[in-house]
Amino acid sequence: MRHNDTPSFPERELEPDAAAHADRVRDALAARIAAAGGCIAFEEFMEFALYAPGLGYYSGGAEKLGKDGDFTTAPELSSLFGACVAVQCEQVLAHIEAPILMEIGAGTGRLALDVLLRLESLGRLPAGYWILDNSADLKARQRSLFEQRAPHLLDRVHWLDTPPAGEFDGVIIANEVLDALPVARFCWRPGGTQELGVVARAEGFAWGARAASPAMVAACEALRSAAGGWDEAYVSEYCPRLEAWTRAVTQRLRRGAVLWFDYGLPRAQYYFAQRHEGTLLCHYRHRAHDDPLSNPGLQDITAWVDFTALAEASSAGGFELAGFTTQAHFLAATGIDVEMQRLAAGDTARYARLASEARQLMLPGEMGERFKVMAWLRGMDLSLRGMTLVDLRHSL
Ligand SMILES: C[S@@+](CC[C@H](N)C(=O)[O-])C[C@H]1O[C@@H](n2cnc3c(N)ncnc32)[C@H](O)[C@@H]1O
C-alpha cells in the first residue's frame with residue numbers, strides 16, 4: 001500500500017486552477033502556523049488540509065473519487081461490492097421493523113445506490129437511507145447520482161449534517177472513512193518521544209518536532225508494548241479522536257449492526273518494528289505517494305486503521321464484536337459469485353468484466369487482504385453471513 005520511494009508530485013504538473021487553490025490553502029495554513037508560534041500538530045494540519053471549509057480536499061470542490069478523480073474505492077470499482085454489502089445488510093434488516101440504513105462518508109453515492117438497488121430486488125428496502133457526510137460537494141454529487149439513476153428511491157434518502165439525534169434500529173455502514181480521520185504523528189526514540197508537527201519554510205511545509213504531551217507519551221508506550229518493542233527511532237501515527245468520533249456516529253443505534261470497511265491491521269502488526277515510517281498515504285490523480293505536506297488541499301491524505309483501537313472504542317461504546325475478516329472472505333461469504341451471475345444476466349462480455357472486477361476486489365495483492373471488514377452488533381444476536389469464512393478476531 002505504501003510507496004516509500006515515490007517522490008511527491010512536482011508542482012509543474014498542476015493546472016492553473018489547482019495551483020491557485022493550493023496557494024490559497026498554503027497561505028491559510030502558513031498564517032495558522034505563524035499564529036500558533038511556528039508549529040502546528042500534524043493532526044491539525046491534516047484536518048485543515050482535508051476539511052477546512054472551501055479549502056480542504058473534501059470541501060474545496062475537486063473531483064476526488066472515480067476515474068477522473070484521485071483514487072478509486074471498492075464501490076467505485078464494481079457494483080459487486082455494494083451488492084454483497086446489501087446481502088449482509090438484508091440478513092440484519094430482516095429482524096428489524098422499519099429499519100434505517102445509515103451510511104457514513106458516502107463519496108459519490110455509488111455504494112448507497114448499489115445497496116439500495118440490491119435491497120429493492122430482495123424486497124427488503126429500508127424505511128430510510130441516511131447519509132452522514134461532511135462534504136457539501138460530495139452530498140450534491142450523491143443526490144445527482146440518485147436523480148439520474150434511481151429517482152424512485154430518492155424519497156428514502158436523507159442527508160444528515162450531524163449524527164442522528166434520536167434512536168434508530170438498523171445498520172450503519174462506512175467504507176474508507178476511518179482512514180480519513182486526522183491522526184497524530186510521533187517519533188519515539190529510546191531517550192523519549194516527540195510529537196511531529198508542521199512548520200512553514202520558504203520552500204514549503206516541513207516536519208517539525210516538539211516535546212510530546214503526557215497523553216502522547218502514554219499512548220506511544222502502549223503501542224510499543226503491543227508491538228513487542230521498538231529498539232530504534234520509530235515514526236508512526238495514531239488517531240486520538242477515534243473513540244469519541246465512532247461513539248458519536250454510532251451511539252444512537254439502539255438495535256442492529258455496524259459494518260466498517262477499511263484498510264488496516266490489528267495493533268501488533270500495525271506497529272511492527274519494521275514499519276518504522278508509519279502508514280500515511282496520499283492520493284493525487286491515481287498516484288499514491290507518502291508526502292502529506294505537499295500541495296495541501298489538492299490531495300487525499302490517509303492513514304491505515306488500527307483495528308484493535310476500533311475494537312476497543314466500539315466495545316466501550318456498548319457493541320458486541322460480531323466478526324473481523326478480510327474483504328475477500330467477506331465478499332466470498334456474501335455470495336459474490338451469485339451476484340456476478342445476477343448482474344451479468346447471461347451477457348458473457350459483461351460476466352468477463354465482472355470477473356475482472358471481482359479479482360481486483362478479492363486478490364491478496366489487490367484489495368482482498370489489505371482491506372478488512374469489522375462487524376458489531378447491539379441488541380441482537382446473529383451469526384453474520386459475511387463473517388463465516390475466516391475469523392480474525394483472535395488477532396486483535
Ligand atoms: C475516501 S472517501 C470514501 C467514499 C465512499 N465511502 C467510497 O467508498 O467510495 C471518504 C468519505 O468520507 C467522508 N468523510 C470524511 N470524514 C468524515 C466525517 N468525519 N464525517 C462524515 N463523513 C466524512 C468524505 O466526505 C467522503 O465522502
# chains A, B, ... in the order shown; residues from 1 in each chain; ligands from 1
$ residues_near_ligand --ligand "ligand 1" --cutoff "9 Å" --atoms "only C-alpha atoms and all ligand atoms" --output "PDB file with C-alpha atoms, in the first residue's frame"
ATOM      1  CA  LEU A  50      -8.840  17.736   4.225  1.00  0.00           C
ATOM      2  CA  TYR A  51     -11.788  19.577   5.735  1.00  0.00           C
ATOM      3  CA  TYR A  57      -9.626  18.442  -0.042  1.00  0.00           C
ATOM      4  CA  TYR A  58     -13.126  17.243   0.856  1.00  0.00           C
ATOM      5  CA  SER A  59     -14.656  20.720   0.866  1.00  0.00           C
ATOM      6  CA  LYS A  64     -11.820  13.375  -5.847  1.00  0.00           C
ATOM      7  CA  LEU A  65     -13.235   9.874  -6.409  1.00  0.00           C
ATOM      8  CA  GLY A  66     -13.629   7.881  -9.606  1.00  0.00           C
ATOM      9  CA  PHE A  71      -8.343   7.444  -6.323  1.00  0.00           C
ATOM     10  CA  THR A  72     -10.848   4.684  -6.592  1.00  0.00           C
ATOM     11  CA  THR A  73     -12.600   2.653  -3.923  1.00  0.00           C
ATOM     12  CA  ALA A  74     -14.311  -0.741  -3.848  1.00  0.00           C
ATOM     13  CA  PRO A  75     -17.804   0.617  -4.621  1.00  0.00           C
ATOM     14  CA  GLU A  76     -16.366   2.790  -7.424  1.00  0.00           C
ATOM     15  CA  LEU A  77     -14.602  -0.229  -8.848  1.00  0.00           C
ATOM     16  CA  GLU A 103     -24.020   5.320   5.578  1.00  0.00           C
ATOM     17  CA  ILE A 104     -21.147   7.440   6.845  1.00  0.00           C
ATOM     18  CA  GLY A 105     -18.981   9.136   4.208  1.00  0.00           C
ATOM     19  CA  ALA A 106     -20.822   8.116   1.037  1.00  0.00           C
ATOM     20  CA  GLY A 107     -18.384   9.510  -1.546  1.00  0.00           C
ATOM     21  CA  THR A 108     -20.069   9.690  -4.958  1.00  0.00           C
ATOM     22  CA  GLY A 109     -23.100   7.758  -3.684  1.00  0.00           C
ATOM     23  CA  ARG A 110     -22.235   4.572  -5.597  1.00  0.00           C
ATOM     24  CA  LEU A 111     -22.388   2.310  -2.552  1.00  0.00           C
ATOM     25  CA  ALA A 112     -25.722   3.827  -1.495  1.00  0.00           C
ATOM     26  CA  ILE A 131     -26.173   9.645   4.607  1.00  0.00           C
ATOM     27  CA  LEU A 132     -23.859  11.380   7.056  1.00  0.00           C
ATOM     28  CA  ASP A 133     -21.123  13.167   5.142  1.00  0.00           C
ATOM     29  CA  ASN A 134     -19.174  16.309   5.905  1.00  0.00           C
ATOM     30  CA  SER A 135     -18.528  17.215   2.260  1.00  0.00           C
ATOM     31  CA  ALA A 136     -21.114  19.525   0.686  1.00  0.00           C
ATOM     32  CA  ASP A 137     -19.638  18.774  -2.768  1.00  0.00           C
ATOM     33  CA  LEU A 138     -19.997  15.046  -2.342  1.00  0.00           C
ATOM     34  CA  LYS A 139     -23.514  15.351  -0.932  1.00  0.00           C
ATOM     35  CA  ASP A 161     -25.092  17.197   8.728  1.00  0.00           C
ATOM     36  CA  THR A 162     -24.574  15.766  12.193  1.00  0.00           C
ATOM     37  CA  PRO A 163     -25.024  12.300  13.720  1.00  0.00           C
ATOM     38  CA  ILE A 173     -22.069   1.131   7.061  1.00  0.00           C
ATOM     39  CA  ALA A 174     -18.874   3.030   6.265  1.00  0.00           C
ATOM     40  CA  ASN A 175     -16.299   2.286   3.590  1.00  0.00           C
ATOM     41  CA  GLU A 176     -12.935   4.050   3.709  1.00  0.00           C
ATOM     42  CA  VAL A 177     -13.950   6.744   6.163  1.00  0.00           C
ATOM     43  CA  LEU A 178     -11.880   5.813   9.220  1.00  0.00           C
ATOM     44  CA  ASP A 179      -8.694   6.149   7.157  1.00  0.00           C
ATOM     45  CA  ALA A 180      -9.612   9.789   6.506  1.00  0.00           C
ATOM     46  CA  LEU A 181      -9.797  10.750  10.208  1.00  0.00           C
ATOM     47  CA  PRO A 182      -6.936  13.095  11.178  1.00  0.00           C
ATOM     48  CA  TRP A 245     -15.867  10.014  16.814  1.00  0.00           C
ATOM     49  CA  VAL A 249     -21.698   8.418  14.986  1.00  0.00           C
ATOM     50  CA  PHE A 261     -14.757  -1.483   5.776  1.00  0.00           C
ATOM     51  CA  ASP A 262     -11.222  -0.121   5.555  1.00  0.00           C
ATOM     52  CA  ASP A 300      -6.205  12.984  -0.199  1.00  0.00           C
ATOM     53  CA  THR A 302      -4.986   8.805   4.729  1.00  0.00           C
TER      54      THR A 302
END
$ residues_around --residues "Ala273 (chain A)" --least-positions-apart "5" --cutoff "12 Å" --atoms "only C-alpha atoms" --output "PyMOL selection string"
chain A and resi 188+223-236+267-268+278
$ closest_residue --among "A:Gly192, A:Gly323, A:Pro292, A:Gly368" --to "Met387 (chain A)" --atoms "only C-alpha atoms"
A:Gly323
$ select_by_dssp --residues "region 99-336 of chain A" --states "alpha helix (DSSP H)" --output "ChimeraX atom specification"
/A:110-121,136-149,214-226,242-250,267-270,307-316,327-333,336
$ select_by_dssp --residues "region 86-227 of chain A" --states "strand (DSSP E or B)" --output "PDB file with N, CA, C and O atoms, in the first residue's frame"
ATOM      1  N   ILE A 100     -33.582   1.478   9.533  1.00  0.00           N
ATOM      2  CA  ILE A 100     -32.857   2.564   8.862  1.00  0.00           C
ATOM      3  C   ILE A 100     -31.477   2.043   8.482  1.00  0.00           C
ATOM      4  O   ILE A 100     -30.828   1.351   9.264  1.00  0.00           O
ATOM      5  N   LEU A 101     -31.043   2.381   7.290  1.00  0.00           N
ATOM      6  CA  LEU A 101     -29.651   2.123   6.913  1.00  0.00           C
ATOM      7  C   LEU A 101     -28.958   3.471   6.927  1.00  0.00           C
ATOM      8  O   LEU A 101     -29.459   4.430   6.323  1.00  0.00           O
ATOM      9  N   MET A 102     -27.871   3.562   7.632  1.00  0.00           N
ATOM     10  CA  MET A 102     -27.143   4.835   7.653  1.00  0.00           C
ATOM     11  C   MET A 102     -25.750   4.604   7.090  1.00  0.00           C
ATOM     12  O   MET A 102     -25.046   3.690   7.518  1.00  0.00           O
ATOM     13  N   GLU A 103     -25.374   5.414   6.114  1.00  0.00           N
ATOM     14  CA  GLU A 103     -24.020   5.320   5.578  1.00  0.00           C
ATOM     15  C   GLU A 103     -23.230   6.555   6.007  1.00  0.00           C
ATOM     16  O   GLU A 103     -23.686   7.692   5.866  1.00  0.00           O
ATOM     17  N   ILE A 104     -22.024   6.317   6.483  1.00  0.00           N
ATOM     18  CA  ILE A 104     -21.147   7.440   6.845  1.00  0.00           C
ATOM     19  C   ILE A 104     -20.146   7.620   5.716  1.00  0.00           C
ATOM     20  O   ILE A 104     -19.535   6.645   5.258  1.00  0.00           O
ATOM     21  N   GLY A 128     -35.611   4.088   5.600  1.00  0.00           N
ATOM     22  CA  GLY A 128     -34.860   5.298   5.236  1.00  0.00           C
ATOM     23  C   GLY A 128     -33.401   4.949   5.022  1.00  0.00           C
ATOM     24  O   GLY A 128     -32.893   3.979   5.607  1.00  0.00           O
ATOM     25  N   TYR A 129     -32.732   5.706   4.147  1.00  0.00           N
ATOM     26  CA  TYR A 129     -31.284   5.561   3.953  1.00  0.00           C
ATOM     27  C   TYR A 129     -30.693   6.916   4.289  1.00  0.00           C
ATOM     28  O   TYR A 129     -30.911   7.898   3.576  1.00  0.00           O
ATOM     29  N   TRP A 130     -29.999   6.978   5.403  1.00  0.00           N
ATOM     30  CA  TRP A 130     -29.444   8.254   5.862  1.00  0.00           C
ATOM     31  C   TRP A 130     -27.969   8.321   5.469  1.00  0.00           C
ATOM     32  O   TRP A 130     -27.231   7.349   5.656  1.00  0.00           O
ATOM     33  N   ILE A 131     -27.585   9.451   4.954  1.00  0.00           N
ATOM     34  CA  ILE A 131     -26.173   9.645   4.607  1.00  0.00           C
ATOM     35  C   ILE A 131     -25.595  10.755   5.469  1.00  0.00           C
ATOM     36  O   ILE A 131     -26.091  11.889   5.455  1.00  0.00           O
ATOM     37  N   LEU A 132     -24.573  10.389   6.245  1.00  0.00           N
ATOM     38  CA  LEU A 132     -23.859  11.380   7.056  1.00  0.00           C
ATOM     39  C   LEU A 132     -22.529  11.647   6.372  1.00  0.00           C
ATOM     40  O   LEU A 132     -21.697  10.742   6.254  1.00  0.00           O
ATOM     41  N   VAL A 157     -33.883   8.633   0.767  1.00  0.00           N
ATOM     42  CA  VAL A 157     -32.525   9.070   1.109  1.00  0.00           C
ATOM     43  C   VAL A 157     -32.579  10.427   1.806  1.00  0.00           C
ATOM     44  O   VAL A 157     -33.215  11.365   1.313  1.00  0.00           O
ATOM     45  N   HIS A 158     -31.938  10.499   2.953  1.00  0.00           N
ATOM     46  CA  HIS A 158     -31.906  11.761   3.717  1.00  0.00           C
ATOM     47  C   HIS A 158     -30.466  12.076   4.055  1.00  0.00           C
ATOM     48  O   HIS A 158     -29.717  11.194   4.458  1.00  0.00           O
ATOM     49  N   TRP A 159     -30.110  13.332   3.880  1.00  0.00           N
ATOM     50  CA  TRP A 159     -28.732  13.732   4.162  1.00  0.00           C
ATOM     51  C   TRP A 159     -28.659  14.385   5.543  1.00  0.00           C
ATOM     52  O   TRP A 159     -29.486  15.248   5.879  1.00  0.00           O
ATOM     53  N   LEU A 160     -27.694  13.948   6.324  1.00  0.00           N
ATOM     54  CA  LEU A 160     -27.517  14.467   7.688  1.00  0.00           C
ATOM     55  C   LEU A 160     -26.241  15.302   7.745  1.00  0.00           C
ATOM     56  O   LEU A 160     -25.229  14.939   7.131  1.00  0.00           O
ATOM     57  N   PHE A 168     -32.440   4.904  16.637  1.00  0.00           N
ATOM     58  CA  PHE A 168     -32.974   4.184  15.484  1.00  0.00           C
ATOM     59  C   PHE A 168     -32.469   2.740  15.510  1.00  0.00           C
ATOM     60  O   PHE A 168     -31.488   2.427  16.185  1.00  0.00           O
ATOM     61  N   ASP A 169     -33.173   1.884  14.759  1.00  0.00           N
ATOM     62  CA  ASP A 169     -32.764   0.488  14.621  1.00  0.00           C
ATOM     63  C   ASP A 169     -32.358   0.268  13.169  1.00  0.00           C
ATOM     64  O   ASP A 169     -33.009   0.796  12.264  1.00  0.00           O
ATOM     65  N   GLY A 170     -31.335  -0.532  12.943  1.00  0.00           N
ATOM     66  CA  GLY A 170     -30.940  -0.788  11.561  1.00  0.00           C
ATOM     67  C   GLY A 170     -29.478  -1.133  11.429  1.00  0.00           C
ATOM     68  O   GLY A 170     -28.901  -1.816  12.279  1.00  0.00           O
ATOM     69  N   VAL A 171     -28.865  -0.629  10.358  1.00  0.00           N
ATOM     70  CA  VAL A 171     -27.463  -0.954  10.076  1.00  0.00           C
ATOM     71  C   VAL A 171     -26.727   0.334   9.717  1.00  0.00           C
ATOM     72  O   VAL A 171     -27.269   1.193   9.019  1.00  0.00           O
ATOM     73  N   ILE A 172     -25.506   0.449  10.230  1.00  0.00           N
ATOM     74  CA  ILE A 172     -24.627   1.565   9.843  1.00  0.00           C
ATOM     75  C   ILE A 172     -23.491   0.972   9.015  1.00  0.00           C
ATOM     76  O   ILE A 172     -22.904  -0.050   9.397  1.00  0.00           O
ATOM     77  N   ILE A 173     -23.202   1.594   7.870  1.00  0.00           N
ATOM     78  CA  ILE A 173     -22.069   1.131   7.061  1.00  0.00           C
ATOM     79  C   ILE A 173     -21.126   2.301   6.768  1.00  0.00           C
ATOM     80  O   ILE A 173     -21.562   3.464   6.686  1.00  0.00           O
ATOM     81  N   ALA A 174     -19.853   1.989   6.618  1.00  0.00           N
ATOM     82  CA  ALA A 174     -18.874   3.030   6.265  1.00  0.00           C
ATOM     83  C   ALA A 174     -17.714   2.365   5.542  1.00  0.00           C
ATOM     84  O   ALA A 174     -17.107   1.431   6.069  1.00  0.00           O
ATOM     85  N   ASN A 175     -17.436   2.813   4.337  1.00  0.00           N
ATOM     86  CA  ASN A 175     -16.299   2.286   3.590  1.00  0.00           C
ATOM     87  C   ASN A 175     -15.259   3.387   3.417  1.00  0.00           C
ATOM     88  O   ASN A 175     -15.572   4.469   2.893  1.00  0.00           O
ATOM     89  N   ALA A 184      -2.522  11.826  14.778  1.00  0.00           N
ATOM     90  CA  ALA A 184      -1.351  12.473  15.398  1.00  0.00           C
ATOM     91  C   ALA A 184      -0.116  11.670  15.003  1.00  0.00           C
ATOM     92  O   ALA A 184      -0.178  10.447  14.886  1.00  0.00           O
ATOM     93  N   ARG A 185       0.994  12.364  14.789  1.00  0.00           N
ATOM     94  CA  ARG A 185       2.224  11.679  14.344  1.00  0.00           C
ATOM     95  C   ARG A 185       3.294  11.845  15.424  1.00  0.00           C
ATOM     96  O   ARG A 185       3.414  12.910  16.034  1.00  0.00           O
ATOM     97  N   PHE A 186       4.047  10.782  15.641  1.00  0.00           N
ATOM     98  CA  PHE A 186       5.043  10.833  16.702  1.00  0.00           C
ATOM     99  C   PHE A 186       6.354  10.224  16.230  1.00  0.00           C
ATOM    100  O   PHE A 186       6.396   9.470  15.246  1.00  0.00           O
ATOM    101  N   CYS A 187       7.411  10.580  16.945  1.00  0.00           N
ATOM    102  CA  CYS A 187       8.707   9.924  16.742  1.00  0.00           C
ATOM    103  C   CYS A 187       9.175   9.435  18.106  1.00  0.00           C
ATOM    104  O   CYS A 187       9.458  10.251  18.991  1.00  0.00           O
ATOM    105  N   TRP A 188       9.197   8.122  18.258  1.00  0.00           N
ATOM    106  CA  TRP A 188       9.685   7.527  19.515  1.00  0.00           C
ATOM    107  C   TRP A 188      11.185   7.226  19.361  1.00  0.00           C
ATOM    108  O   TRP A 188      11.624   6.778  18.305  1.00  0.00           O
ATOM    109  N   ARG A 189      11.940   7.570  20.385  1.00  0.00           N
ATOM    110  CA  ARG A 189      13.362   7.200  20.416  1.00  0.00           C
ATOM    111  C   ARG A 189      13.640   6.605  21.787  1.00  0.00           C
ATOM    112  O   ARG A 189      12.916   6.904  22.747  1.00  0.00           O
ATOM    113  N   GLY A 192      13.205   9.140  24.493  1.00  0.00           N
ATOM    114  CA  GLY A 192      11.975   9.907  24.705  1.00  0.00           C
ATOM    115  C   GLY A 192      11.124   9.979  23.436  1.00  0.00           C
ATOM    116  O   GLY A 192      11.531   9.518  22.372  1.00  0.00           O
ATOM    117  N   THR A 193       9.955  10.605  23.596  1.00  0.00           N
ATOM    118  CA  THR A 193       9.002  10.679  22.480  1.00  0.00           C
ATOM    119  C   THR A 193       8.791  12.131  22.094  1.00  0.00           C
ATOM    120  O   THR A 193       8.663  12.992  22.957  1.00  0.00           O
ATOM    121  N   GLN A 194       8.761  12.377  20.793  1.00  0.00           N
ATOM    122  CA  GLN A 194       8.449  13.732  20.313  1.00  0.00           C
ATOM    123  C   GLN A 194       7.186  13.686  19.463  1.00  0.00           C
ATOM    124  O   GLN A 194       6.906  12.685  18.792  1.00  0.00           O
ATOM    125  N   GLU A 195       6.458  14.790  19.485  1.00  0.00           N
ATOM    126  CA  GLU A 195       5.329  14.920  18.574  1.00  0.00           C
ATOM    127  C   GLU A 195       5.845  15.530  17.283  1.00  0.00           C
ATOM    128  O   GLU A 195       6.606  16.505  17.307  1.00  0.00           O
ATOM    129  N   LEU A 196       5.434  14.982  16.155  1.00  0.00           N
ATOM    130  CA  LEU A 196       5.820  15.580  14.877  1.00  0.00           C
ATOM    131  C   LEU A 196       4.739  16.555  14.447  1.00  0.00           C
ATOM    132  O   LEU A 196       3.547  16.210  14.397  1.00  0.00           O
ATOM    133  N   GLY A 197       5.165  17.774  14.187  1.00  0.00           N
ATOM    134  CA  GLY A 197       4.239  18.806  13.749  1.00  0.00           C
ATOM    135  C   GLY A 197       4.694  19.346  12.403  1.00  0.00           C
ATOM    136  O   GLY A 197       5.604  18.803  11.769  1.00  0.00           O
ATOM    137  N   VAL A 198       4.058  20.443  11.990  1.00  0.00           N
ATOM    138  CA  VAL A 198       4.360  21.005  10.673  1.00  0.00           C
ATOM    139  C   VAL A 198       4.789  22.459  10.840  1.00  0.00           C
ATOM    140  O   VAL A 198       4.145  23.236  11.553  1.00  0.00           O
ATOM    141  N   VAL A 199       5.903  22.783  10.186  1.00  0.00           N
ATOM    142  CA  VAL A 199       6.401  24.165  10.190  1.00  0.00           C
ATOM    143  C   VAL A 199       6.384  24.685   8.754  1.00  0.00           C
ATOM    144  O   VAL A 199       6.341  23.904   7.809  1.00  0.00           O
ATOM    145  N   ALA A 200       6.396  26.027   8.630  1.00  0.00           N
ATOM    146  CA  ALA A 200       6.386  26.624   7.279  1.00  0.00           C
ATOM    147  C   ALA A 200       7.778  27.147   6.961  1.00  0.00           C
ATOM    148  O   ALA A 200       8.378  27.863   7.762  1.00  0.00           O
ATOM    149  N   ARG A 201       8.294  26.774   5.794  1.00  0.00           N
ATOM    150  CA  ARG A 201       9.585  27.285   5.321  1.00  0.00           C
ATOM    151  C   ARG A 201       9.339  27.984   3.992  1.00  0.00           C
ATOM    152  O   ARG A 201       8.308  27.767   3.361  1.00  0.00           O
ATOM    153  N   GLY A 204       8.381  25.578   1.374  1.00  0.00           N
ATOM    154  CA  GLY A 204       7.180  24.755   1.566  1.00  0.00           C
ATOM    155  C   GLY A 204       7.077  24.285   3.006  1.00  0.00           C
ATOM    156  O   GLY A 204       7.841  24.707   3.867  1.00  0.00           O
ATOM    157  N   PHE A 205       6.114  23.394   3.262  1.00  0.00           N
ATOM    158  CA  PHE A 205       5.943  22.888   4.624  1.00  0.00           C
ATOM    159  C   PHE A 205       6.966  21.790   4.910  1.00  0.00           C
ATOM    160  O   PHE A 205       7.389  21.073   4.009  1.00  0.00           O
ATOM    161  N   ALA A 206       7.337  21.705   6.190  1.00  0.00           N
ATOM    162  CA  ALA A 206       8.316  20.694   6.580  1.00  0.00           C
ATOM    163  C   ALA A 206       7.923  20.146   7.946  1.00  0.00           C
ATOM    164  O   ALA A 206       7.129  20.749   8.672  1.00  0.00           O
ATOM    165  N   TRP A 207       8.482  18.990   8.277  1.00  0.00           N
ATOM    166  CA  TRP A 207       8.216  18.403   9.594  1.00  0.00           C
ATOM    167  C   TRP A 207       8.974  19.169  10.671  1.00  0.00           C
ATOM    168  O   TRP A 207      10.125  19.573  10.462  1.00  0.00           O
ATOM    169  N   GLY A 208       8.336  19.356  11.802  1.00  0.00           N
ATOM    170  CA  GLY A 208       8.998  19.930  12.966  1.00  0.00           C
ATOM    171  C   GLY A 208       8.759  18.973  14.128  1.00  0.00           C
ATOM    172  O   GLY A 208       7.893  18.105  14.052  1.00  0.00           O
ATOM    173  N   ALA A 209       9.545  19.107  15.186  1.00  0.00           N
ATOM    174  CA  ALA A 209       9.357  18.204  16.326  1.00  0.00           C
ATOM    175  C   ALA A 209       9.273  19.027  17.598  1.00  0.00           C
ATOM    176  O   ALA A 209       9.930  20.064  17.728  1.00  0.00           O
ATOM    177  N   ARG A 210       8.431  18.580  18.509  1.00  0.00           N
ATOM    178  CA  ARG A 210       8.363  19.234  19.825  1.00  0.00           C
ATOM    179  C   ARG A 210       8.075  18.154  20.862  1.00  0.00           C
ATOM    180  O   ARG A 210       7.696  17.019  20.496  1.00  0.00           O
ATOM    181  N   ALA A 211       8.260  18.512  22.123  1.00  0.00           N
ATOM    182  CA  ALA A 211       8.074  17.505  23.175  1.00  0.00           C
ATOM    183  C   ALA A 211       6.642  16.968  23.129  1.00  0.00           C
ATOM    184  O   ALA A 211       5.688  17.731  22.954  1.00  0.00           O
TER     185      ALA A 211
END
$ atom_distance --atom1 "CA of Ile301 (chain A)" --atom2 "CA of Cys39 (chain A)"
19.3 Å
$ closest_atom_pairs --of "region 280-392 of chain A" --to "region 18-22 of chain A" --cutoff "7 Å" --atoms "only C-alpha atoms" --output "CSV"
residue,atom,partner,partner_atom,distance
A:Asn295,CA,A:Ala22,CA,5.7
A:Pro296,CA,A:Ala22,CA,6.3
A:Gly297,CA,A:Ala22,CA,6.2
A:Leu298,CA,A:Ala22,CA,6.5
$ closest_residue --among "A:Pro240, A:Glu339, A:Ala349, A:Ser395" --to "Ala215 (chain A)" --atoms "only C-alpha atoms"
A:Pro240
$ atom_distance --atom1 "CA of Asp391 (chain A)" --atom2 "CA of Phe324 (chain A)"
5.9 Å
$ atom_distance --atom1 "CA of Cys84 (chain A)" --atom2 "CA of Ala244 (chain A)"
29.3 Å
$ closest_residue --among "A:Arg149, A:Arg255, A:Val85, A:Ile96" --to "Leu331 (chain A)" --atoms "only C-alpha atoms"
A:Val85
$ decode --residues "region 147-171 of chain A" --atoms "C-alpha atoms" --output "PDB file, in the first residue's frame"
ATOM      1  CA  GLU A 147     -31.667  11.778  -9.570  1.00  0.00           C
ATOM      2  CA  GLN A 148     -30.114  10.243 -12.669  1.00  0.00           C
ATOM      3  CA  ARG A 149     -30.032   6.551 -11.797  1.00  0.00           C
ATOM      4  CA  ALA A 150     -32.796   5.848  -9.287  1.00  0.00           C
ATOM      5  CA  PRO A 151     -35.135   8.818  -8.791  1.00  0.00           C
ATOM      6  CA  HIS A 152     -37.785   6.456  -7.403  1.00  0.00           C
ATOM      7  CA  LEU A 153     -35.542   5.823  -4.373  1.00  0.00           C
ATOM      8  CA  LEU A 154     -34.801   9.466  -3.619  1.00  0.00           C
ATOM      9  CA  ASP A 155     -37.615   9.873  -1.117  1.00  0.00           C
ATOM     10  CA  ARG A 156     -35.897   7.308   1.142  1.00  0.00           C
ATOM     11  CA  VAL A 157     -32.525   9.070   1.109  1.00  0.00           C
ATOM     12  CA  HIS A 158     -31.906  11.761   3.717  1.00  0.00           C
ATOM     13  CA  TRP A 159     -28.732  13.732   4.162  1.00  0.00           C
ATOM     14  CA  LEU A 160     -27.517  14.467   7.688  1.00  0.00           C
ATOM     15  CA  ASP A 161     -25.092  17.197   8.728  1.00  0.00           C
ATOM     16  CA  THR A 162     -24.574  15.766  12.193  1.00  0.00           C
ATOM     17  CA  PRO A 163     -25.024  12.300  13.720  1.00  0.00           C
ATOM     18  CA  PRO A 164     -28.705  11.457  14.296  1.00  0.00           C
ATOM     19  CA  ALA A 165     -30.177  12.944  17.461  1.00  0.00           C
ATOM     20  CA  GLY A 166     -32.803  10.252  18.032  1.00  0.00           C
ATOM     21  CA  GLU A 167     -32.507   6.486  18.458  1.00  0.00           C
ATOM     22  CA  PHE A 168     -32.974   4.184  15.484  1.00  0.00           C
ATOM     23  CA  ASP A 169     -32.764   0.488  14.621  1.00  0.00           C
ATOM     24  CA  GLY A 170     -30.940  -0.788  11.561  1.00  0.00           C
ATOM     25  CA  VAL A 171     -27.463  -0.954  10.076  1.00  0.00           C
TER      26      VAL A 171
END
